[in-house]
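Trainee: So that you have it, the file is coords-v9.cif, and it contains mmCIF, C-alpha atoms:
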```
data_data
loop_
_atom_site.label_atom_id
_atom_site.label_comp_id
_atom_site.auth_asym_id
_atom_site.auth_seq_id
_atom_site.Cartn_x
_atom_site.Cartn_y
_atom_site.Cartn_z
CA MET A 138 44.57 -65.16 -26.20
CA ARG A 139 41.30 -66.02 -24.48
CA TRP A 140 41.02 -62.55 -22.88
CA LEU A 141 41.41 -60.91 -26.29
CA ILE A 142 38.53 -63.03 -27.63
CA ALA A 143 36.36 -62.16 -24.60
CA LEU A 144 37.10 -58.44 -24.96
CA PHE A 145 36.18 -58.61 -28.65
CA ILE A 146 32.86 -60.33 -27.84
CA ILE A 147 31.95 -57.73 -25.18
CA GLY A 148 32.90 -54.86 -27.46
CA THR A 149 30.80 -56.14 -30.29
CA THR A 150 27.84 -56.78 -27.94
CA VAL A 151 27.77 -53.61 -25.78
CA LEU A 152 29.46 -51.01 -27.93
CA PRO A 153 28.83 -51.96 -31.54
CA LEU A 154 31.14 -50.22 -33.92
CA SER A 155 28.97 -50.84 -36.97
CA ALA A 156 26.77 -47.90 -37.92
CA GLU A 157 23.00 -48.46 -38.07
CA ASP A 158 19.79 -46.41 -38.04
CA TRP A 159 17.70 -46.09 -34.86
CA THR A 160 14.09 -44.98 -34.75
CA THR A 161 12.97 -43.94 -31.26
CA VAL A 162 9.55 -44.41 -29.69
CA ASP A 163 8.60 -40.77 -30.35
CA GLY A 164 9.26 -41.30 -34.09
CA LYS A 165 12.62 -39.57 -34.49
CA THR A 166 15.23 -41.34 -36.69
CA TYR A 167 18.98 -41.24 -36.05
CA GLN A 168 21.08 -42.34 -39.04
CA ASP A 169 24.47 -44.03 -38.88
CA VAL A 170 24.34 -44.47 -35.12
CA ASN A 171 27.50 -45.29 -33.18
CA VAL A 172 27.27 -45.92 -29.45
CA VAL A 173 29.69 -43.67 -27.56
CA LYS A 174 28.83 -44.46 -23.93
CA VAL A 175 26.29 -46.57 -22.07
CA GLU A 176 24.95 -44.98 -18.86
CA ASP A 177 22.37 -45.96 -16.24
CA ASP A 178 19.59 -43.76 -17.64
CA GLY A 179 20.38 -43.84 -21.38
CA ILE A 180 22.85 -44.20 -24.23
CA ASN A 181 25.14 -41.51 -25.64
CA ILE A 182 25.42 -41.80 -29.42
CA SER A 183 26.94 -40.08 -32.38
CA TYR A 184 25.04 -39.98 -35.64
CA THR A 185 24.94 -38.15 -38.96
CA GLY A 186 23.45 -35.01 -37.38
CA GLY A 187 25.81 -34.84 -34.36
CA THR A 188 25.58 -36.35 -30.88
CA ALA A 189 22.71 -37.11 -28.51
CA LYS A 190 21.73 -38.96 -25.37
CA ILE A 191 18.65 -41.13 -25.73
CA PRO A 192 16.85 -42.31 -22.56
CA TYR A 193 16.12 -46.05 -22.47
CA TYR A 194 12.37 -45.41 -22.36
CA ASN A 195 12.61 -43.71 -25.76
CA LEU A 196 14.38 -46.66 -27.39
CA PRO A 197 12.68 -49.64 -29.05
CA LEU A 198 12.18 -52.75 -26.89
CA GLU A 199 14.79 -54.80 -28.72
CA ILE A 200 17.49 -52.20 -28.14
CA GLN A 201 16.47 -51.93 -24.47
CA LYS A 202 16.92 -55.71 -24.13
CA GLN A 203 20.19 -55.60 -26.08
CA TYR A 204 21.61 -53.31 -23.40
CA GLY A 205 20.20 -55.30 -20.51
CA GLN A 206 17.30 -53.05 -19.50
CA ASP A 207 14.19 -54.32 -17.69
CA PRO A 208 11.01 -53.27 -19.58
CA ASP A 209 9.08 -52.61 -16.36
CA THR A 210 11.83 -50.34 -15.02
CA VAL A 211 12.01 -48.52 -18.33
CA ALA A 212 8.21 -48.08 -18.35
CA ALA A 213 8.30 -46.62 -14.83
CA ALA A 214 11.05 -44.22 -15.92
CA ARG A 215 8.91 -43.18 -18.87
CA LYS A 216 5.94 -42.41 -16.61
CA ALA A 217 8.16 -40.41 -14.24
CA ALA A 218 9.60 -38.44 -17.16
CA GLU A 219 6.14 -37.76 -18.57
CA ALA A 220 4.90 -36.60 -15.15
CA ALA A 221 7.93 -34.31 -14.75
CA GLU A 222 7.33 -32.86 -18.20
CA ALA A 223 3.64 -32.31 -17.43
CA ASN A 224 4.55 -30.52 -14.17
CA ARG A 225 7.07 -28.37 -16.02
CA GLN A 226 4.46 -27.41 -18.60
CA LEU A 227 1.95 -26.57 -15.86
CA ALA A 228 4.55 -24.40 -14.11
CA ASP A 229 5.37 -22.66 -17.41
CA GLU A 230 1.67 -22.06 -18.09
CA GLU A 231 1.14 -20.65 -14.57
CA THR A 232 4.15 -18.37 -14.93
CA LYS A 233 2.87 -17.23 -18.32
CA LYS A 234 -0.63 -16.65 -16.89
CA GLN A 235 0.76 -14.58 -14.01
CA ALA A 236 2.80 -12.49 -16.44
CA GLU A 237 -0.28 -11.95 -18.65
CA ASP A 238 -2.43 -11.03 -15.60
CA LEU A 239 0.19 -8.52 -14.43
CA LYS A 240 0.46 -7.06 -17.94
CA ARG A 241 -3.33 -6.81 -18.17
CA GLN A 242 -3.55 -5.15 -14.73
CA GLN A 243 -0.81 -2.69 -15.62
CA ALA A 244 -2.59 -1.84 -18.89
CA ASP A 245 -5.81 -1.18 -16.93
CA ASP A 246 -3.85 0.91 -14.43
CA GLN A 247 -2.41 2.97 -17.28
CA LEU A 248 -5.93 3.75 -18.51
CA GLN A 249 -6.95 4.81 -14.99
CA ILE A 250 -3.80 6.92 -14.67
CA LYS A 251 -4.64 8.73 -17.91
CA ALA A 252 -8.17 9.37 -16.62
CA LEU A 253 -6.75 10.74 -13.35
CA ALA A 254 -4.31 12.94 -15.24
CA ALA A 255 -7.12 14.35 -17.39
CA ALA A 256 -9.29 15.01 -14.32
CA LYS A 257 -6.37 16.62 -12.52
CA LYS A 258 -5.66 18.93 -15.46
CA ALA A 259 -9.29 20.07 -15.47
CA ASN A 260 -9.37 20.85 -11.73
CA PRO A 261 -6.77 23.32 -10.37
CA ILE A 262 -5.64 22.97 -6.76
CA ILE A 263 -6.79 25.20 -3.89
CA LEU A 264 -4.87 24.91 -0.62
CA SER A 265 -6.45 25.26 2.80
CA GLU A 266 -5.35 25.11 6.44
CA ALA A 267 -5.98 21.90 8.40
CA ASP A 268 -5.52 21.16 12.09
CA LEU A 269 -3.84 17.76 12.49
CA ARG A 270 -2.63 17.89 16.10
CA VAL A 271 -2.51 14.42 17.64
CA PRO A 272 -3.65 14.39 21.29
CA SER A 273 -3.45 11.46 23.67
CA ARG A 274 -5.46 8.51 22.33
CA GLU A 275 -8.00 6.22 23.96
CA THR A 276 -10.17 3.38 22.68
CA TYR A 277 -13.50 4.09 21.01
CA THR A 278 -15.89 1.43 19.75
CA GLY A 279 -14.74 0.46 16.26
CA ALA A 280 -12.63 3.57 15.67
CA ASP A 281 -9.76 5.55 17.13
CA TYR A 282 -11.07 8.33 19.41
CA SER A 283 -9.03 11.08 21.06
CA TYR A 284 -9.74 14.38 22.78
CA ASN A 285 -7.53 17.44 23.08
CA LYS A 286 -8.60 19.16 26.29
CA PHE A 287 -6.48 22.24 25.56
CA SER A 288 -8.35 23.01 22.34
CA ASP A 289 -11.58 21.23 23.45
CA THR A 290 -11.52 19.20 20.21
CA SER A 291 -12.59 15.60 19.58
CA TYR A 292 -10.98 13.41 16.90
CA LEU A 293 -12.51 10.21 15.56
CA ASP A 294 -10.24 8.39 13.10
CA SER A 295 -10.88 5.49 10.76
CA LEU A 296 -8.54 2.53 10.43
CA PRO A 297 -5.88 3.22 7.75
CA ALA A 298 -6.93 1.78 4.39
CA ILE A 299 -3.94 0.39 2.49
CA ALA A 300 -3.54 2.02 -0.94
CA VAL A 301 -1.97 -0.05 -3.73
CA PRO A 302 0.31 1.85 -6.15
CA MET A 303 -0.59 1.98 -9.84
CA PRO A 304 0.73 0.58 -12.13
CA THR A 305 0.72 -2.58 -10.02
CA PRO A 306 4.32 -3.21 -8.98
CA ALA A 307 6.05 -6.55 -9.37
CA ALA A 308 6.16 -8.73 -6.25
CA ASN A 309 9.88 -8.15 -5.78
CA ASP A 310 9.85 -4.40 -6.50
CA PRO A 311 11.80 -2.72 -3.65
CA MET A 312 10.41 0.68 -4.72
CA ALA A 313 6.77 -0.31 -4.18
CA GLY A 314 6.65 1.27 -0.71
CA HIS A 315 3.56 1.57 1.46
CA ALA A 316 0.66 4.03 1.38
CA SER A 317 -2.56 4.46 3.33
CA LEU A 318 -5.66 6.66 3.45
CA MET A 319 -7.41 7.61 6.70
CA LEU A 320 -10.57 9.62 7.48
CA ARG A 321 -10.86 11.89 10.52
CA ALA A 322 -13.89 13.60 12.05
CA VAL A 323 -12.94 16.78 13.95
CA THR A 324 -15.62 18.36 16.16
CA VAL A 325 -15.83 20.71 19.14
CA GLY A 326 -16.46 19.25 22.59
CA PRO A 327 -15.42 16.21 24.63
CA ARG A 328 -17.38 13.72 22.48
CA PRO A 329 -17.40 13.32 18.68
CA GLU A 330 -20.35 14.54 16.63
CA GLN A 331 -21.41 14.27 13.01
CA PRO A 332 -18.95 16.59 11.20
CA ASP A 333 -19.87 18.93 8.38
CA LYS A 334 -16.65 17.83 6.64
CA PHE A 335 -14.02 15.13 7.07
CA LEU A 336 -10.28 15.53 7.15
CA ALA A 337 -8.63 12.86 4.99
CA ALA A 338 -4.96 12.04 5.55
CA PHE A 339 -2.78 10.31 2.95
CA LEU A 340 0.49 8.79 4.15
CA SER A 341 3.09 7.39 1.75
CA THR A 342 6.29 5.63 2.78
CA GLY A 343 8.75 4.56 0.09
CA VAL A 344 12.40 3.92 -0.64
CA ALA A 345 14.06 6.85 -2.42
CA ARG A 346 10.71 7.90 -3.89
CA LYS A 347 8.82 11.05 -2.96
CA LEU A 348 5.89 13.16 -4.09
CA THR A 349 6.41 16.28 -6.15
CA ASP A 350 5.42 19.78 -5.02
CA ASP A 351 2.15 19.35 -6.91
CA VAL A 352 -0.08 17.61 -4.35
CA GLN A 353 -3.43 17.91 -6.08
CA VAL A 354 -5.84 15.09 -5.17
CA ILE A 355 -8.30 13.56 -7.67
CA PHE A 356 -10.57 10.55 -7.05
CA LEU A 357 -12.12 8.21 -9.61
CA VAL A 358 -15.16 6.70 -7.87
CA ASP A 359 -16.65 3.93 -10.01
CA GLY A 360 -15.09 5.69 -12.98
CA ILE A 361 -16.59 9.11 -12.15
CA THR A 362 -14.19 12.01 -11.48
CA MET A 363 -14.38 13.53 -8.00
CA PRO A 364 -11.91 16.44 -7.64
CA ILE A 365 -10.89 17.67 -4.20
CA SER A 366 -11.05 21.46 -3.99
CA GLU A 367 -9.14 21.83 -0.72
CA SER A 368 -5.86 20.07 0.04
CA GLU A 369 -2.63 20.75 1.81
CA MET A 370 0.71 19.01 1.94
CA LYS A 371 2.05 18.15 5.42
CA ASP A 372 5.50 16.89 6.47
CA SER A 373 6.56 16.38 2.90
CA ASP A 374 9.89 14.68 2.10
CA PHE A 375 10.47 13.83 5.76
CA ILE A 376 13.31 11.31 6.02
CA THR A 377 12.63 8.56 8.58
CA GLY A 378 15.84 6.56 8.19
CA TYR A 379 17.10 3.62 6.13
CA GLY A 380 16.58 5.72 3.03
CA GLN A 381 12.80 5.85 3.46
CA ILE A 382 10.79 8.97 2.66
CA VAL A 383 7.44 9.78 4.25
CA ASP A 384 4.99 12.06 2.42
CA TYR A 385 1.97 13.38 4.28
CA VAL A 386 -0.96 15.06 2.52
CA SER A 387 -4.23 16.17 4.10
CA PHE A 388 -7.42 17.36 2.42
CA TYR A 389 -11.11 17.86 3.19
CA LEU A 390 -14.01 15.64 2.10
CA THR A 391 -17.70 16.42 2.45
CA PRO A 392 -20.02 13.77 4.00
CA LYS A 393 -21.51 13.24 0.55
CA GLN A 394 -18.06 12.57 -0.92
CA VAL A 395 -17.20 10.16 1.90
CA ASP A 396 -20.50 8.33 1.35
CA ALA A 397 -19.71 7.99 -2.38
CA ILE A 398 -16.23 6.62 -1.65
CA VAL A 399 -17.16 4.08 1.04
CA ASN A 400 -20.08 2.68 -1.00
CA ALA A 401 -18.18 2.46 -4.29
CA LYS A 402 -17.05 -0.76 -5.96
CA SER A 403 -13.90 0.79 -7.42
CA VAL A 404 -11.91 3.70 -5.98
CA LYS A 405 -8.73 5.02 -7.53
CA PHE A 406 -7.01 8.31 -6.73
CA CYS A 407 -3.91 10.33 -7.48
CA VAL A 408 -1.83 12.46 -5.13
CA GLY A 409 0.50 14.63 -7.15
CA THR A 410 2.06 12.38 -9.79
CA SER A 411 1.50 9.15 -7.80
CA ASN A 412 -1.52 6.94 -8.45
CA TYR A 413 -3.21 4.46 -6.10
CA SER A 414 -6.24 2.18 -5.79
CA LEU A 415 -8.26 0.79 -2.86
CA ASN A 416 -9.43 -2.80 -3.07
CA LYS A 417 -12.69 -4.17 -1.66
CA ASP A 418 -11.27 -5.15 1.75
CA GLU A 419 -9.64 -1.76 2.34
CA LEU A 420 -12.80 0.07 1.28
CA GLY A 421 -14.59 -2.09 3.84
CA LYS A 422 -12.55 -0.46 6.62
CA LEU A 423 -13.77 3.00 5.58
CA LYS A 424 -17.33 1.74 5.15
CA THR A 425 -17.28 0.28 8.68
CA TYR A 426 -16.04 3.63 9.98
CA ALA A 427 -18.84 5.50 8.22
CA SER A 428 -21.35 3.00 9.64
CA ILE A 429 -20.01 3.60 13.17
CA LEU A 430 -20.47 7.34 12.67
CA ASP A 431 -24.08 6.83 11.57
CA LYS A 432 -24.97 4.47 14.44
CA SER A 433 -22.87 5.61 17.39
CA VAL A 434 -22.15 9.31 16.91
CA PRO A 435 -24.87 11.90 17.63
CA PRO A 436 -25.73 14.65 15.14
CA ALA A 437 -23.86 17.92 15.36
CA THR A 438 -25.30 20.48 17.76
CA SER A 439 -26.52 23.85 16.50
CA ILE A 440 -24.10 26.70 15.87
CA LEU A 441 -25.63 28.61 18.81
CA ALA A 442 -25.10 25.63 21.13
CA GLN A 443 -21.50 25.27 19.93
CA LYS A 444 -20.80 28.95 20.61
CA PHE A 445 -22.37 28.69 24.06
CA HIS A 446 -20.20 25.63 24.74
CA LEU A 447 -17.09 27.53 23.62
CA PHE A 448 -18.10 30.42 25.90
CA ILE A 449 -18.51 28.06 28.87
CA MET A 450 -15.17 26.44 28.08
CA SER A 451 -13.53 29.87 27.92
CA ILE A 452 -14.56 30.62 31.53
CA PRO A 453 -11.63 29.73 33.78
CA PRO A 454 -12.05 27.39 36.80
CA LEU A 455 -13.43 28.94 40.05
CA PRO A 456 -10.06 29.25 41.90
CA ILE A 457 -8.52 30.96 38.92
CA LEU A 458 -11.61 33.14 38.50
CA ILE A 459 -11.47 34.25 42.17
CA SER A 460 -7.74 34.87 41.87
CA ASP A 461 -8.25 36.94 38.73
CA ILE A 462 -11.03 38.97 40.41
CA CYS A 463 -8.80 39.67 43.43
CA ILE A 464 -5.98 40.74 41.14
CA TYR A 465 -8.35 43.04 39.24
CA ILE A 466 -9.64 44.57 42.53
CA LEU A 467 -6.14 45.11 43.91
CA THR A 468 -4.91 46.50 40.63
CA GLY A 469 -7.93 48.82 40.40
CA SER A 470 -7.53 49.96 44.02
CA PHE A 471 -3.85 50.67 43.55
CA THR A 472 -4.60 52.60 40.37
CA ILE A 473 -7.25 54.70 42.18
CA VAL A 474 -4.87 55.45 45.07
CA VAL A 475 -2.15 56.53 42.65
CA LEU A 476 -4.55 58.75 40.72
CA LEU A 477 -5.82 60.35 43.99
CA GLY A 478 -2.22 60.97 45.09
CA ILE A 479 -1.31 62.62 41.80
CA THR A 480 -4.46 64.76 41.96
CA SER A 481 -3.68 65.86 45.54
CA CYS A 482 -0.16 66.85 44.49
CA PHE A 483 -1.46 69.01 41.67
CA VAL A 484 -4.05 70.68 43.94
CA GLY A 485 -1.47 71.39 46.64
CA ALA A 486 1.02 72.77 44.13
CA SER A 487 -1.54 75.09 42.60
CA ARG A 488 -2.50 76.50 46.03
CA PHE A 489 1.17 77.00 46.91
CA PHE A 490 1.87 79.04 43.79
CA LYS A 491 -1.25 81.18 44.30
CA MET A 492 0.09 82.24 47.69
#
```
Can the structure from this file be put into C-alpha cells for me?
Mentor:
Amino acid sequence: MRWLIALFIIGTTVLPLSAEDWTTVDGKTYQDVNVVKVEDDGINISYTGGTAKIPYYNLPLEIQKQYGQDPDTVAAARKAAEAAEANRQLADEETKKQAEDLKRQQADDQLQIKALAAAKKANPIILSEADLRVPSRETYTGADYSYNKFSDTSYLDSLPAIAVPMPTPAANDPMAGHASLMLRAVTVGPRPEQPDKFLAAFLSTGVARKLTDDVQVIFLVDGITMPISESEMKDSDFITGYGQIVDYVSFYLTPKQVDAIVNAKSVKFCVGTSNYSLNKDELGKLKTYASILDKSVPPATSILAQKFHLFIMSIPPLPILISDICIYILTGSFTIVVLLGITSCFVGASRFFKM
C-alpha cells in the first residue's frame, strides 16, 4: 500500500497529468501542456498545437526548480546555446556572402565574355606559321633560355602565367581544368636579342573539355579590345591520359601589344569559345619577363649583320670544308679525264673512217 502512495506522489510531482499553460522565456505560450518525458537537457511535452521539446533554459525559473534543475547550470546551457546559434548564423552569413560573391563574379565574367564575343565577331582570324621547336634548355637569369644550334636560334621564355577560366568555376568543379599563357622571344644567334615580335603560347588542360576548331584570339586589356591578327592552333585535342585533353594555340604579339598586356590592371582573353582572365600576380610574371628583356637583353642587330651572321654560320667547319674541296677537285679531275677520253675516241674514230 505504501509503494502505491509513493508512486502516486512521484507521478504527481514529476509528470503532472493536469493540463496547464506554459509561457517560455522567449515569450511563446503552450496551452494545455502535458509532460510526456523528462530528459537531461529539456522536457518533452504535448500541447494544443502538437508536441515539442523545451530546453530547461527556455523554461521559467519555477518550472526549472520543479524539475530539479540548478539555475547556474541552466544559465550556462543558455549561454552555450546562444553562442552555438550565433556561430551558426555567422556560418550561414559567410556561406551566403560567398555565394553572392561567386554570383557577382560570374555576372561580371558574363559581361566580359559578351565583350570578347563582340570583339571576336568584328575581327576575322588569319593563320600564320610559327616555329615552336623546343631545344635543350639551360638556366637564364629570371627567364627560361635555350639555344638550338642546328637552326642557330635562341629562345627566351617567360614563366607560364596561370589563366583562370570565365565564368569563374565553383571550387569543386572537376571540369575547371588548368590553362596558362607564356611569351617567347625567338631570335637568330647564340644569345637572345630584342625581338620584333613575340610568340605567345596558350596551353589548356582539362577533363573531357576541348577547344573548337575556331581558335581566334581576342584580348580585352583594361576593357579595350586588342585583336590578334596572326594565330595558329598546335597539337589540338591531344589526349594525355586519364581523360585529360591538352589544347595548344600559338600566336604572335608585337612588342607594343606585350607592353600593353604586362602593364595592364585587367587582362581577359578568349581562345576559340573559351574565356580566361589573368589576375595581378600572374600578370606580374609577364611584367617581370618584359623587365628582364629591357634590362638584360641587347637590342636586335641590323638586318645586314643578321644576314652576315647567317652566312658565317652557313660556312661548314674547316675539316669539312677541306674535305668538300678535295671531293670537288677529285670529281672535277675525273670529269675532265672522262671528257678527254671521250674526245680522243671521237677523234680517233673520225680518222679511221677517213682512211
Trainee: Counting all atoms listed in the file, find the residues whose atoms lie at most 6 Å from (29.0, -45.2, -30.2) (file coordinates) and write them out as a VMD selection string.
Mentor: chain A and resid 171 to 173 182 to 183
Trainee: Can you turn the PyMOL selection byres ((chain A and resi 158-161) around 10) into a concrete residue list for this file, as a VMD selection string?
Mentor: chain A and resid 156 to 157 162 to 171 184 to 185 191 to 198 200
Trainee: Using the chain letters and numbering of this document, enumerate as a VMD selection string the residues selected by the PyMOL selection byres ((chain A and resi 318-321) around 7).
Mentor: chain A and resid 292 to 300 317 322 to 323 335 to 340
Trainee: Using only C-alpha atoms, determine which residues lie at most 7 Å from Met303 of chain A, disregarding the query and same-chain residues fewer than 5 positions distant; provide the list as a short mmCIF file (atom, residue, chain, number, x, y, z; two decimals) with C-alpha atoms, in the coordinates of the input.
Mentor:
```
data_model
loop_
_atom_site.label_atom_id
_atom_site.label_comp_id
_atom_site.auth_asym_id
_atom_site.auth_seq_id
_atom_site.Cartn_x
_atom_site.Cartn_y
_atom_site.Cartn_z
CA ASP A 246 -3.85 0.91 -14.43
CA ASN A 412 -1.52 6.94 -8.45
CA TYR A 413 -3.21 4.46 -6.10
CA SER A 414 -6.24 2.18 -5.79
#
```
Trainee: Rounded to one decimal, what separation in Å do you get between atom CA of Leu415 of chain A and atom CA of Gln353 of chain A?
Mentor: 18.1 Å
Trainee: Of the residues A:Val175, A:Ala221, A:Val404, A:Leu390, which is the one nearest to Gln249 of chain A, using all atoms listed in the file?
Mentor: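 Comparing A:Val175, A:Ala221, A:Val404, A:Leu390 against Gln249 of chain A, the winner is A:Val404.
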Trainee: Given the choices A:Ala397, A:Ile459, A:Ala256, A:Val325, which gets closest to Asp359 of chain A if the distance is worked out from only C-alpha atoms?
Mentor: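 Closest to Asp359 of chain A, using only C-alpha atoms: A:Ala397.
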Trainee: Take the PyMOL selection byres ((chain A and resi 395) around 10), apply it to the structure above, and return the hits as a compact mmCIF listing (two decimals) with C-alpha atoms, in the coordinates of the input.
Mentor:
```
# COMPACT_ATOMS: atom_id res chain seq x y z
CA LEU A 320 -10.57 9.62 7.48
CA LYS A 334 -16.65 17.83 6.64
CA PHE A 335 -14.02 15.13 7.07
CA ALA A 337 -8.63 12.86 4.99
CA TYR A 389 -11.11 17.86 3.19
CA LEU A 390 -14.01 15.64 2.10
CA THR A 391 -17.70 16.42 2.45
CA PRO A 392 -20.02 13.77 4.00
CA LYS A 393 -21.51 13.24 0.55
CA GLN A 394 -18.06 12.57 -0.92
CA ASP A 396 -20.50 8.33 1.35
CA ALA A 397 -19.71 7.99 -2.38
CA ILE A 398 -16.23 6.62 -1.65
CA VAL A 399 -17.16 4.08 1.04
CA ASN A 400 -20.08 2.68 -1.00
CA ALA A 401 -18.18 2.46 -4.29
CA LEU A 423 -13.77 3.00 5.58
CA LYS A 424 -17.33 1.74 5.15
CA ALA A 427 -18.84 5.50 8.22
```
Trainee: Distance atom CA of Gln226 of chain A-atom CA of Ile180 of chain A, one decimal place?
Mentor: 25.5 Å
Trainee: Draw an axis-aligned box tight on the listed atoms of segment 319-330 of chain A, then pad every side by 6 Å and write out centre and edge lengths in Å to one decimal as JSON.
Mentor:
```
{"center_x": -13.9, "center_y": 14.2, "center_z": 15.7, "size_x": 24.9, "size_y": 25.1, "size_z": 29.9}
```
Trainee: In Å to one decimal, how far is atom CA of Leu420 of chain A from atom CA of Asp281 of chain A?
Mentor: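 If I compute the distance from atom CA of Asp281 of chain A to atom CA of Leu420 of chain A, I get 17.0 Å.
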Trainee: Given the choices A:Ala217, A:Ile479, A:Ile355, A:Ala280, which gets closest to Lys405 of chain A if the distance is worked out from all atoms listed in the file?
Mentor: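 Among the listed residues, A:Ile355 lies closest to Lys405 of chain A.
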Trainee: Using all atoms listed in the file, which of the listed residues (A:Asp384, A:Glu222, A:Glu330, A:Glu230) sits closest to Pro436 of chain A?
Mentor: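 Comparing A:Asp384, A:Glu222, A:Glu330, A:Glu230 against Pro436 of chain A, the winner is A:Glu330.
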Trainee: Nearest residue to Pro302 of chain A out of A:Val383, A:Ala254, A:Ala228, A:Val408, using only C-alpha atoms?
Mentor: A:Val408
